[in-house]
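Q: The following file, upload.csv, comprises CSV, C-alpha atoms:
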chain,number,residue,atom,x,y,z
A,5,ALA,CA,23.0,15.0,-20.8
A,6,ILE,CA,21.1,15.6,-17.7
A,7,MET,CA,17.3,15.4,-18.3
A,8,PRO,CA,15.0,17.9,-16.6
A,9,PRO,CA,13.1,16.6,-13.6
A,10,ILE,CA,9.9,14.7,-13.9
A,11,LYS,CA,6.8,16.6,-12.8
A,12,ILE,CA,3.9,14.4,-11.5
A,13,ASP,CA,0.8,15.1,-9.5
A,14,ASN,CA,0.4,13.5,-6.1
A,15,SER,CA,-2.7,11.5,-7.2
A,16,SER,CA,-0.5,9.6,-9.8
A,17,LEU,CA,2.5,8.7,-7.7
A,18,PHE,CA,1.3,5.3,-6.6
A,19,LYS,CA,-0.3,4.4,-9.9
A,20,VAL,CA,2.9,5.0,-11.8
A,21,ALA,CA,5.1,3.3,-9.2
A,22,ASN,CA,2.8,0.2,-9.1
A,23,PHE,CA,2.8,0.0,-12.9
A,24,LEU,CA,6.6,0.2,-13.0
A,25,ARG,CA,6.9,-2.7,-10.5
A,26,THR,CA,4.8,-4.9,-12.9
A,27,VAL,CA,7.2,-4.6,-15.8
A,28,ASP,CA,9.2,-7.8,-16.3
A,29,GLY,CA,12.1,-8.8,-18.5
A,30,MET,CA,13.9,-5.5,-18.4
A,31,PRO,CA,17.7,-5.4,-19.2
A,32,ALA,CA,19.8,-4.6,-16.1
A,33,LYS,CA,20.4,-0.9,-16.8
A,34,GLN,CA,16.7,-0.3,-17.6
A,35,SER,CA,15.7,-2.3,-14.6
A,36,ARG,CA,17.9,-0.2,-12.3
A,37,ALA,CA,16.5,3.0,-13.8
A,38,ARG,CA,13.0,1.7,-13.2
A,39,THR,CA,13.6,0.6,-9.7
A,40,LYS,CA,15.2,4.0,-8.7
A,41,LEU,CA,12.2,5.8,-10.2
A,42,ALA,CA,9.7,3.5,-8.5
A,43,ASN,CA,11.4,4.0,-5.2
A,44,ALA,CA,11.5,7.8,-5.7
A,45,LEU,CA,7.8,7.8,-6.5
A,46,MET,CA,7.0,5.7,-3.5
A,47,ALA,CA,9.0,8.1,-1.2
A,48,LYS,CA,7.0,11.0,-2.6
A,49,GLY,CA,3.8,9.0,-2.1
A,50,ASP,CA,4.7,8.5,1.5
A,51,GLU,CA,5.2,12.2,1.9
A,52,TYR,CA,1.8,12.8,0.2
A,53,ILE,CA,0.1,10.5,2.7
A,54,GLU,CA,1.8,12.3,5.6
A,55,SER,CA,0.6,15.7,4.1
A,56,GLN,CA,-2.9,14.3,3.9
A,57,LYS,CA,-2.9,13.2,7.5
A,58,GLN,CA,-1.4,16.6,8.7
A,59,LEU,CA,-4.1,18.5,6.7
A,60,VAL,CA,-6.9,16.5,8.2
A,61,GLU,CA,-5.5,16.9,11.7
A,62,GLU,CA,-5.1,20.6,11.3
A,63,LEU,CA,-8.9,20.8,10.5
A,64,GLY,CA,-9.8,18.8,13.6
A,65,GLY,CA,-10.1,15.3,12.1
A,66,GLN,CA,-8.2,12.1,12.4
A,67,VAL,CA,-7.0,9.5,9.9
A,68,GLN,CA,-7.7,6.0,11.1
A,69,GLY,CA,-6.9,2.5,10.1
A,70,ASP,CA,-5.2,0.9,7.1
A,71,ASP,CA,-7.8,2.3,4.8
A,72,LEU,CA,-7.0,5.9,6.0
A,73,LYS,CA,-10.6,6.7,6.9
A,74,ILE,CA,-11.1,10.3,7.9
A,75,VAL,CA,-13.1,10.8,11.2
A,76,PHE,CA,-14.2,14.0,12.9
A,77,LYS,CA,-14.8,14.2,16.6
A,78,SER,CA,-17.5,16.8,16.3
A,79,ASP,CA,-20.0,17.2,13.6
A,80,ASN,CA,-18.2,20.2,12.2
A,81,THR,CA,-19.5,20.1,8.6
A,82,GLU,CA,-17.6,23.2,7.6
A,83,ALA,CA,-14.3,21.6,8.4
A,84,GLN,CA,-15.5,18.4,6.6
A,85,LEU,CA,-16.3,20.4,3.5
A,86,HIS,CA,-12.9,22.1,3.5
A,87,VAL,CA,-11.1,18.8,4.0
A,88,LYS,CA,-12.5,17.4,0.7
A,89,GLU,CA,-11.5,20.7,-1.0
A,90,TYR,CA,-8.0,20.8,0.5
A,91,LEU,CA,-7.4,17.1,-0.1
A,92,ASN,CA,-8.4,17.5,-3.7
A,93,GLU,CA,-6.0,20.5,-4.1
A,94,LEU,CA,-3.3,18.4,-2.5
A,95,SER,CA,-3.9,15.5,-4.9
A,96,GLN,CA,-3.4,17.8,-7.9
A,97,GLU,CA,-0.2,19.3,-6.4
A,98,MET,CA,2.8,18.7,-8.7
A,99,VAL,CA,5.9,17.2,-7.2
A,100,VAL,CA,9.4,17.1,-8.8
A,101,ILE,CA,11.6,14.0,-9.2
A,102,ASN,CA,15.2,14.3,-10.3
A,103,GLU,CA,17.3,11.7,-11.9
A,104,ASP,CA,19.2,9.4,-9.6
A,105,PHE,CA,21.9,9.0,-12.2
A,106,MET,CA,22.7,10.7,-15.5
A,107,GLY,CA,20.7,9.2,-18.3
A,108,GLN,CA,18.1,7.5,-16.1
A,109,PHE,CA,15.1,9.1,-17.7
A,110,ALA,CA,16.5,8.8,-21.2
A,111,VAL,CA,17.0,5.0,-20.6
A,112,LEU,CA,13.4,4.7,-19.5
A,113,LYS,CA,12.0,6.8,-22.3
A,114,LYS,CA,13.8,4.7,-24.9
A,115,PHE,CA,12.8,1.4,-23.2
A,116,PHE,CA,9.1,2.3,-23.1
A,117,SER,CA,9.0,3.8,-26.6
A,118,ASP,CA,10.0,0.3,-27.9
A,119,TRP,CA,8.2,-1.7,-25.2
A,120,ASP,CA,5.2,-3.8,-26.2
A,121,GLY,CA,4.4,-5.6,-23.0
A,122,GLU,CA,1.1,-6.6,-21.5
A,123,ILE,CA,-0.7,-4.1,-19.2
A,124,SER,CA,-3.5,-5.1,-16.8
A,125,SER,CA,-6.5,-2.9,-16.7
A,126,MET,CA,-5.6,-2.0,-13.2
A,127,ASP,CA,-2.2,-0.6,-14.4
A,128,ALA,CA,-3.4,1.1,-17.5
A,129,ASP,CA,-3.7,4.5,-15.8
A,130,GLY,CA,-0.2,4.3,-14.4
A,131,TYR,CA,1.3,3.3,-17.8
A,132,ASP,CA,-0.6,6.1,-19.6
A,133,LYS,CA,0.6,8.7,-17.0
A,134,LEU,CA,4.2,7.4,-17.2
A,135,LEU,CA,4.2,7.8,-21.0
A,136,ASP,CA,2.8,11.3,-20.8
A,137,ILE,CA,5.5,12.3,-18.3
A,138,LEU,CA,8.3,10.7,-20.4
A,139,ASP,CA,6.9,12.4,-23.5
A,140,GLU,CA,7.3,15.8,-21.8
A,141,LEU,CA,11.1,15.3,-21.3
Write out the structure in this file as C-alpha coordinates.
A:
Amino acid sequence: AIMPPIKIDNSSLFKVANFLRTVDGMPAKQSRARTKLANALMAKGDEYIESQKQLVEELGGQVQGDDLKIVFKSDNTEAQLHVKEYLNELSQEMVVINEDFMGQFAVLKKFFSDWDGEISSMDADGYDKLLDILDEL
(Lines of atoms letter the chains of each structure in order from A and count residues from 1; the text may use other names and numbers.)
(Lines give C-alpha, C1' and ligand atoms only; values in the text may rest on other atoms or scores of the structure.)
Protein backbone atom coordinates (compact mmCIF):
# COMPACT_ATOMS: atom_id res chain seq x y z
CA ALA A 1 0.00 0.00 0.00
CA ILE A 2 1.13 3.52 -0.70
CA MET A 3 1.79 5.44 2.51
CA PRO A 4 0.75 9.07 2.87
CA PRO A 5 3.54 11.59 2.42
CA ILE A 6 5.76 12.58 5.30
CA LYS A 7 5.20 16.09 6.65
CA ILE A 8 8.22 17.75 8.24
CA ASP A 9 9.08 21.31 9.22
CA ASN A 10 12.01 23.00 7.51
CA SER A 11 13.96 23.35 10.77
CA SER A 12 14.06 19.54 11.15
CA LEU A 13 15.15 18.58 7.62
CA PHE A 14 18.91 18.49 8.21
CA LYS A 15 18.60 17.03 11.74
CA VAL A 16 16.66 14.01 10.49
CA ALA A 17 18.83 13.57 7.37
CA ASN A 18 22.02 13.75 9.44
CA PHE A 19 20.68 11.20 11.92
CA LEU A 20 19.67 8.81 9.11
CA ARG A 21 23.20 8.96 7.72
CA THR A 22 24.65 7.77 11.06
CA VAL A 23 22.64 4.53 11.19
CA ASP A 24 24.91 1.56 10.44
CA GLY A 25 24.23 -2.11 9.84
CA MET A 26 20.96 -1.77 7.96
CA PRO A 27 19.86 -4.59 5.62
CA ALA A 28 19.94 -3.64 1.92
CA LYS A 29 16.24 -2.81 1.46
CA GLN A 30 16.11 -0.69 4.62
CA SER A 31 19.37 0.99 3.71
CA ARG A 32 18.02 1.91 0.28
CA ALA A 33 14.83 3.30 1.85
CA ARG A 34 16.93 5.30 4.32
CA THR A 35 19.27 6.68 1.64
CA LYS A 36 16.35 7.77 -0.56
CA LEU A 37 14.69 9.54 2.38
CA ALA A 38 17.94 11.20 3.50
CA ASN A 39 18.54 12.45 -0.07
CA ALA A 40 14.96 13.80 -0.32
CA LEU A 41 15.37 15.57 3.04
CA MET A 42 18.68 17.11 1.92
CA ALA A 43 17.11 18.31 -1.36
CA LYS A 44 14.29 19.98 0.60
CA GLY A 45 16.93 21.37 2.94
CA ASP A 46 18.76 22.95 0.01
CA GLU A 47 15.46 24.52 -1.13
CA TYR A 48 14.95 25.81 2.43
CA ILE A 49 18.38 27.49 2.41
CA GLU A 50 17.60 29.08 -0.98
CA SER A 51 14.27 30.37 0.38
CA GLN A 52 16.07 31.86 3.37
CA LYS A 53 18.55 33.65 1.11
CA GLN A 54 15.78 34.92 -1.18
CA LEU A 55 13.77 36.22 1.78
CA VAL A 56 16.78 38.06 3.23
CA GLU A 57 17.62 39.60 -0.15
CA GLU A 58 14.03 40.76 -0.67
CA LEU A 59 14.34 42.66 2.62
CA GLY A 60 17.57 44.36 1.53
CA GLY A 61 20.06 42.04 3.20
CA GLN A 62 22.71 39.63 2.03
CA VAL A 63 23.66 36.14 3.17
CA GLN A 64 27.43 35.77 3.30
CA GLY A 65 29.98 33.04 3.87
CA ASP A 66 29.73 29.38 4.74
CA ASP A 67 28.07 30.19 8.06
CA LEU A 68 25.29 32.04 6.13
CA LYS A 69 25.68 35.26 8.11
CA ILE A 70 22.97 37.85 7.40
CA VAL A 71 24.30 41.33 6.65
CA PHE A 72 22.36 44.53 5.94
CA LYS A 73 23.92 47.38 3.96
CA SER A 74 21.99 50.07 5.78
CA ASP A 75 21.01 50.16 9.42
CA ASN A 76 17.40 49.36 8.59
CA THR A 77 16.27 47.91 11.91
CA GLU A 78 12.67 47.43 10.73
CA ALA A 79 13.83 45.10 7.95
CA GLN A 80 16.13 43.32 10.40
CA LEU A 81 13.24 42.75 12.81
CA HIS A 82 11.07 41.40 10.01
CA VAL A 83 13.85 39.11 8.79
CA LYS A 84 13.94 37.26 12.13
CA GLU A 85 10.15 36.97 12.15
CA TYR A 86 9.94 35.77 8.54
CA LEU A 87 12.85 33.35 8.91
CA ASN A 88 11.18 31.91 12.00
CA GLU A 89 7.94 31.43 10.04
CA LEU A 90 9.90 29.80 7.22
CA SER A 91 11.60 27.42 9.66
CA GLN A 92 8.19 26.24 10.89
CA GLU A 93 6.79 25.78 7.38
CA MET A 94 5.82 22.16 6.70
CA VAL A 95 7.14 20.43 3.60
CA VAL A 96 5.86 17.20 2.10
CA ILE A 97 7.98 14.24 1.04
CA ASN A 98 6.49 11.35 -0.92
CA GLU A 99 7.79 7.81 -1.10
CA ASP A 100 10.37 7.09 -3.79
CA PHE A 101 9.11 3.53 -4.04
CA MET A 102 6.06 1.73 -2.67
CA GLY A 103 6.62 0.51 0.86
CA GLN A 104 9.61 2.80 1.53
CA PHE A 105 8.12 4.44 4.63
CA ALA A 106 6.64 1.17 5.93
CA VAL A 107 10.09 -0.46 5.69
CA LEU A 108 11.64 2.41 7.66
CA LYS A 109 8.83 2.45 10.23
CA LYS A 110 9.26 -1.29 10.89
CA PHE A 111 13.06 -1.04 11.00
CA PHE A 112 13.07 1.80 13.53
CA SER A 113 10.33 0.25 15.67
CA ASP A 114 12.69 -2.72 16.21
CA TRP A 115 15.98 -0.77 16.17
CA ASP A 116 18.02 -0.44 19.32
CA GLY A 117 21.13 1.31 18.07
CA GLU A 118 23.30 3.93 19.69
CA ILE A 119 22.41 7.59 19.22
CA SER A 120 24.81 10.45 19.87
CA SER A 121 23.48 13.43 21.80
CA MET A 122 23.97 15.48 18.62
CA ASP A 123 21.60 13.18 16.69
CA ALA A 124 18.98 12.69 19.43
CA ASP A 125 16.72 15.48 18.10
CA GLY A 126 16.80 14.07 14.58
CA TYR A 127 15.99 10.55 15.84
CA ASP A 128 13.13 11.84 17.99
CA LYS A 129 11.66 13.84 15.09
CA LEU A 130 11.97 10.87 12.70
CA LEU A 131 10.06 8.60 15.11
CA ASP A 132 7.34 11.25 15.56
CA ILE A 133 6.98 11.49 11.77
CA LEU A 134 6.89 7.72 11.28
CA ASP A 135 4.36 7.34 14.11
CA GLU A 136 2.01 9.69 12.25
CA LEU A 137 1.93 7.41 9.18
Q: Write out as a PDB file with C-alpha atoms, in the coordinates of the input the residues lying within 10 Å of A:Leu63, counting only C-alpha atoms and excluding same-chain residues fewer than 5 positions away.
A:
ATOM      1  CA  GLN A  58      -1.400  16.600   8.700  1.00  0.00           C
ATOM      2  CA  PHE A  76     -14.200  14.000  12.900  1.00  0.00           C
ATOM      3  CA  ASN A  80     -18.200  20.200  12.200  1.00  0.00           C
ATOM      4  CA  GLU A  82     -17.600  23.200   7.600  1.00  0.00           C
ATOM      5  CA  ALA A  83     -14.300  21.600   8.400  1.00  0.00           C
ATOM      6  CA  GLN A  84     -15.500  18.400   6.600  1.00  0.00           C
ATOM      7  CA  HIS A  86     -12.900  22.100   3.500  1.00  0.00           C
ATOM      8  CA  VAL A  87     -11.100  18.800   4.000  1.00  0.00           C
TER       9      VAL A  87
END
Q: Find the distance between atom CA of A:Gly121 and atom CA of A:Thr26 and write it in Å to one decimal.
A: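 Result for atom CA of A:Gly121 versus atom CA of A:Thr26: 10.1 Å, one decimal.
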Q: One decimal, in Å: what's the spacing between atom CA of A:Asn14 and atom CA of A:Asn92?
A: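 So the two atoms, atom CA of A:Asn14 and atom CA of A:Asn92, lie 10.0 Å apart.
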Q: In Å, with one decimal, what is the gap from atom CA of A:Ile6 to atom CA of A:Tyr52?
A: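 Straight-line distance from atom CA of A:Ile6 to atom CA of A:Tyr52 works out to 26.5 Å.
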Q: For A:Ile53, work out the shell of residues within 12 Å, counting only C-alpha atoms and skipping chain neighbours fewer than 3 positions away, then give it as a list in words.
A: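 The filter keeps Asn14, Ser15, Leu17, Phe18, Met46, Ala47, Lys48, Gly49, Asp50, Gln56, Lys57, Gln58, Leu59, Val60, Val67, Asp70, Asp71, Leu72, Leu91, Leu94 and Ser95 of chain A.
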Q: Set the distance at 7 Å and use only C-alpha atoms: which residues neighbour stretch 122-135 of chain A once local chain neighbours fewer than 2 positions away are removed? I'd like the list as a VMD selection string.
A: chain A and resid 19 to 20 23 120 137 to 139
Q: Name the closest residue to A:Ile12 among the candidates A:Asp79, A:Glu97, A:Asp118, A:Glu103; distances are taken between atoms, counting all atoms listed in the file.
A: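 Between A:Asp79, A:Glu97, A:Asp118, A:Glu103, the residue approaching A:Ile12 most closely is A:Glu97.
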Q: Could I get stretch 55-70 of chain A from the block written out with all heavy atoms, as a PDB file, in the first residue's frame?
A:
ATOM      1  N   SER A  55      15.405  29.524  -0.035  1.00  0.00           N
ATOM      2  CA  SER A  55      14.270  30.365   0.375  1.00  0.00           C
ATOM      3  C   SER A  55      14.701  31.376   1.429  1.00  0.00           C
ATOM      4  O   SER A  55      14.269  32.527   1.403  1.00  0.00           O
ATOM      5  CB  SER A  55      13.132  29.506   0.944  1.00  0.00           C
ATOM      6  OG  SER A  55      12.602  28.658  -0.040  1.00  0.00           O
ATOM      7  N   GLN A  56      15.556  30.941   2.345  1.00  0.00           N
ATOM      8  CA  GLN A  56      16.070  31.862   3.373  1.00  0.00           C
ATOM      9  C   GLN A  56      16.849  33.003   2.720  1.00  0.00           C
ATOM     10  O   GLN A  56      16.649  34.171   3.047  1.00  0.00           O
ATOM     11  CB  GLN A  56      16.986  31.117   4.353  1.00  0.00           C
ATOM     12  CG  GLN A  56      16.266  30.203   5.302  1.00  0.00           C
ATOM     13  CD  GLN A  56      17.240  29.415   6.166  1.00  0.00           C
ATOM     14  OE1 GLN A  56      18.154  28.773   5.661  1.00  0.00           O
ATOM     15  NE2 GLN A  56      17.035  29.457   7.460  1.00  0.00           N
ATOM     16  N   LYS A  57      17.740  32.638   1.789  1.00  0.00           N
ATOM     17  CA  LYS A  57      18.554  33.653   1.105  1.00  0.00           C
ATOM     18  C   LYS A  57      17.669  34.627   0.341  1.00  0.00           C
ATOM     19  O   LYS A  57      17.861  35.848   0.409  1.00  0.00           O
ATOM     20  CB  LYS A  57      19.533  32.982   0.133  1.00  0.00           C
ATOM     21  CG  LYS A  57      20.676  32.272   0.810  1.00  0.00           C
ATOM     22  CD  LYS A  57      21.593  31.631  -0.233  1.00  0.00           C
ATOM     23  CE  LYS A  57      22.746  30.913   0.419  1.00  0.00           C
ATOM     24  NZ  LYS A  57      23.584  30.198  -0.542  1.00  0.00           N
ATOM     25  N   GLN A  58      16.692  34.094  -0.382  1.00  0.00           N
ATOM     26  CA  GLN A  58      15.783  34.923  -1.180  1.00  0.00           C
ATOM     27  C   GLN A  58      15.019  35.891  -0.279  1.00  0.00           C
ATOM     28  O   GLN A  58      14.888  37.074  -0.593  1.00  0.00           O
ATOM     29  CB  GLN A  58      14.819  34.008  -1.927  1.00  0.00           C
ATOM     30  CG  GLN A  58      14.043  34.681  -3.026  1.00  0.00           C
ATOM     31  CD  GLN A  58      13.153  33.681  -3.766  1.00  0.00           C
ATOM     32  OE1 GLN A  58      13.247  32.470  -3.585  1.00  0.00           O
ATOM     33  NE2 GLN A  58      12.279  34.204  -4.594  1.00  0.00           N
ATOM     34  N   LEU A  59      14.528  35.399   0.836  1.00  0.00           N
ATOM     35  CA  LEU A  59      13.771  36.223   1.781  1.00  0.00           C
ATOM     36  C   LEU A  59      14.633  37.374   2.309  1.00  0.00           C
ATOM     37  O   LEU A  59      14.202  38.522   2.344  1.00  0.00           O
ATOM     38  CB  LEU A  59      13.309  35.334   2.938  1.00  0.00           C
ATOM     39  CG  LEU A  59      12.169  35.831   3.784  1.00  0.00           C
ATOM     40  CD1 LEU A  59      11.353  34.657   4.259  1.00  0.00           C
ATOM     41  CD2 LEU A  59      12.666  36.622   4.969  1.00  0.00           C
ATOM     42  N   VAL A  60      15.859  37.043   2.703  1.00  0.00           N
ATOM     43  CA  VAL A  60      16.779  38.055   3.230  1.00  0.00           C
ATOM     44  C   VAL A  60      17.073  39.114   2.163  1.00  0.00           C
ATOM     45  O   VAL A  60      17.048  40.322   2.436  1.00  0.00           O
ATOM     46  CB  VAL A  60      18.089  37.401   3.735  1.00  0.00           C
ATOM     47  CG1 VAL A  60      19.163  38.447   3.999  1.00  0.00           C
ATOM     48  CG2 VAL A  60      17.802  36.577   4.985  1.00  0.00           C
ATOM     49  N   GLU A  61      17.307  38.667   0.930  1.00  0.00           N
ATOM     50  CA  GLU A  61      17.624  39.601  -0.155  1.00  0.00           C
ATOM     51  C   GLU A  61      16.444  40.505  -0.482  1.00  0.00           C
ATOM     52  O   GLU A  61      16.622  41.692  -0.764  1.00  0.00           O
ATOM     53  CB  GLU A  61      18.109  38.834  -1.393  1.00  0.00           C
ATOM     54  CG  GLU A  61      19.523  38.299  -1.200  1.00  0.00           C
ATOM     55  CD  GLU A  61      19.945  37.259  -2.230  1.00  0.00           C
ATOM     56  OE1 GLU A  61      19.209  37.052  -3.218  1.00  0.00           O
ATOM     57  OE2 GLU A  61      21.009  36.657  -2.017  1.00  0.00           O
ATOM     58  N   GLU A  62      15.229  39.951  -0.416  1.00  0.00           N
ATOM     59  CA  GLU A  62      14.031  40.758  -0.674  1.00  0.00           C
ATOM     60  C   GLU A  62      13.870  41.862   0.366  1.00  0.00           C
ATOM     61  O   GLU A  62      13.271  42.901   0.096  1.00  0.00           O
ATOM     62  CB  GLU A  62      12.775  39.876  -0.683  1.00  0.00           C
ATOM     63  CG  GLU A  62      12.625  39.078  -1.964  1.00  0.00           C
ATOM     64  CD  GLU A  62      11.497  38.048  -1.899  1.00  0.00           C
ATOM     65  OE1 GLU A  62      10.725  38.050  -0.913  1.00  0.00           O
ATOM     66  OE2 GLU A  62      11.401  37.244  -2.844  1.00  0.00           O
ATOM     67  N   LEU A  63      14.419  41.650   1.554  1.00  0.00           N
ATOM     68  CA  LEU A  63      14.337  42.658   2.617  1.00  0.00           C
ATOM     69  C   LEU A  63      15.584  43.544   2.668  1.00  0.00           C
ATOM     70  O   LEU A  63      15.783  44.283   3.621  1.00  0.00           O
ATOM     71  CB  LEU A  63      14.127  41.971   3.974  1.00  0.00           C
ATOM     72  CG  LEU A  63      12.748  41.325   4.151  1.00  0.00           C
ATOM     73  CD1 LEU A  63      12.715  40.460   5.394  1.00  0.00           C
ATOM     74  CD2 LEU A  63      11.645  42.365   4.197  1.00  0.00           C
ATOM     75  N   GLY A  64      16.424  43.458   1.626  1.00  0.00           N
ATOM     76  CA  GLY A  64      17.575  44.359   1.526  1.00  0.00           C
ATOM     77  C   GLY A  64      18.832  43.856   2.200  1.00  0.00           C
ATOM     78  O   GLY A  64      19.781  44.611   2.391  1.00  0.00           O
ATOM     79  N   GLY A  65      18.874  42.599   2.558  1.00  0.00           N
ATOM     80  CA  GLY A  65      20.056  42.040   3.200  1.00  0.00           C
ATOM     81  C   GLY A  65      20.811  41.121   2.272  1.00  0.00           C
ATOM     82  O   GLY A  65      20.418  40.911   1.122  1.00  0.00           O
ATOM     83  N   GLN A  66      21.907  40.601   2.778  1.00  0.00           N
ATOM     84  CA  GLN A  66      22.705  39.628   2.033  1.00  0.00           C
ATOM     85  C   GLN A  66      23.089  38.494   2.962  1.00  0.00           C
ATOM     86  O   GLN A  66      23.295  38.703   4.159  1.00  0.00           O
ATOM     87  CB  GLN A  66      23.999  40.264   1.530  1.00  0.00           C
ATOM     88  CG  GLN A  66      23.865  41.070   0.262  1.00  0.00           C
ATOM     89  CD  GLN A  66      25.241  41.488  -0.231  1.00  0.00           C
ATOM     90  OE1 GLN A  66      26.096  41.886   0.548  1.00  0.00           O
ATOM     91  NE2 GLN A  66      25.449  41.388  -1.533  1.00  0.00           N
ATOM     92  N   VAL A  67      23.182  37.291   2.405  1.00  0.00           N
ATOM     93  CA  VAL A  67      23.660  36.143   3.166  1.00  0.00           C
ATOM     94  C   VAL A  67      25.085  35.882   2.699  1.00  0.00           C
ATOM     95  O   VAL A  67      25.325  35.724   1.512  1.00  0.00           O
ATOM     96  CB  VAL A  67      22.760  34.914   2.917  1.00  0.00           C
ATOM     97  CG1 VAL A  67      23.267  33.721   3.709  1.00  0.00           C
ATOM     98  CG2 VAL A  67      21.321  35.223   3.290  1.00  0.00           C
ATOM     99  N   GLN A  68      26.017  35.862   3.670  1.00  0.00           N
ATOM    100  CA  GLN A  68      27.432  35.770   3.301  1.00  0.00           C
ATOM    101  C   GLN A  68      28.118  34.602   3.983  1.00  0.00           C
ATOM    102  O   GLN A  68      27.776  34.238   5.110  1.00  0.00           O
ATOM    103  CB  GLN A  68      28.153  37.063   3.705  1.00  0.00           C
ATOM    104  CG  GLN A  68      27.632  38.292   2.982  1.00  0.00           C
ATOM    105  CD  GLN A  68      28.308  39.565   3.444  1.00  0.00           C
ATOM    106  OE1 GLN A  68      28.902  39.611   4.512  1.00  0.00           O
ATOM    107  NE2 GLN A  68      28.204  40.608   2.633  1.00  0.00           N
ATOM    108  N   GLY A  69      29.098  34.043   3.293  1.00  0.00           N
ATOM    109  CA  GLY A  69      29.984  33.038   3.871  1.00  0.00           C
ATOM    110  C   GLY A  69      29.346  31.687   4.075  1.00  0.00           C
ATOM    111  O   GLY A  69      28.164  31.490   3.860  1.00  0.00           O
ATOM    112  N   ASP A  70      30.192  30.750   4.498  1.00  0.00           N
ATOM    113  CA  ASP A  70      29.735  29.378   4.736  1.00  0.00           C
ATOM    114  C   ASP A  70      28.797  29.287   5.929  1.00  0.00           C
ATOM    115  O   ASP A  70      27.973  28.393   6.017  1.00  0.00           O
ATOM    116  CB  ASP A  70      30.935  28.452   4.970  1.00  0.00           C
ATOM    117  CG  ASP A  70      31.751  28.256   3.704  1.00  0.00           C
ATOM    118  OD1 ASP A  70      31.192  28.455   2.604  1.00  0.00           O
ATOM    119  OD2 ASP A  70      32.941  27.913   3.821  1.00  0.00           O
TER     120      ASP A  70
END
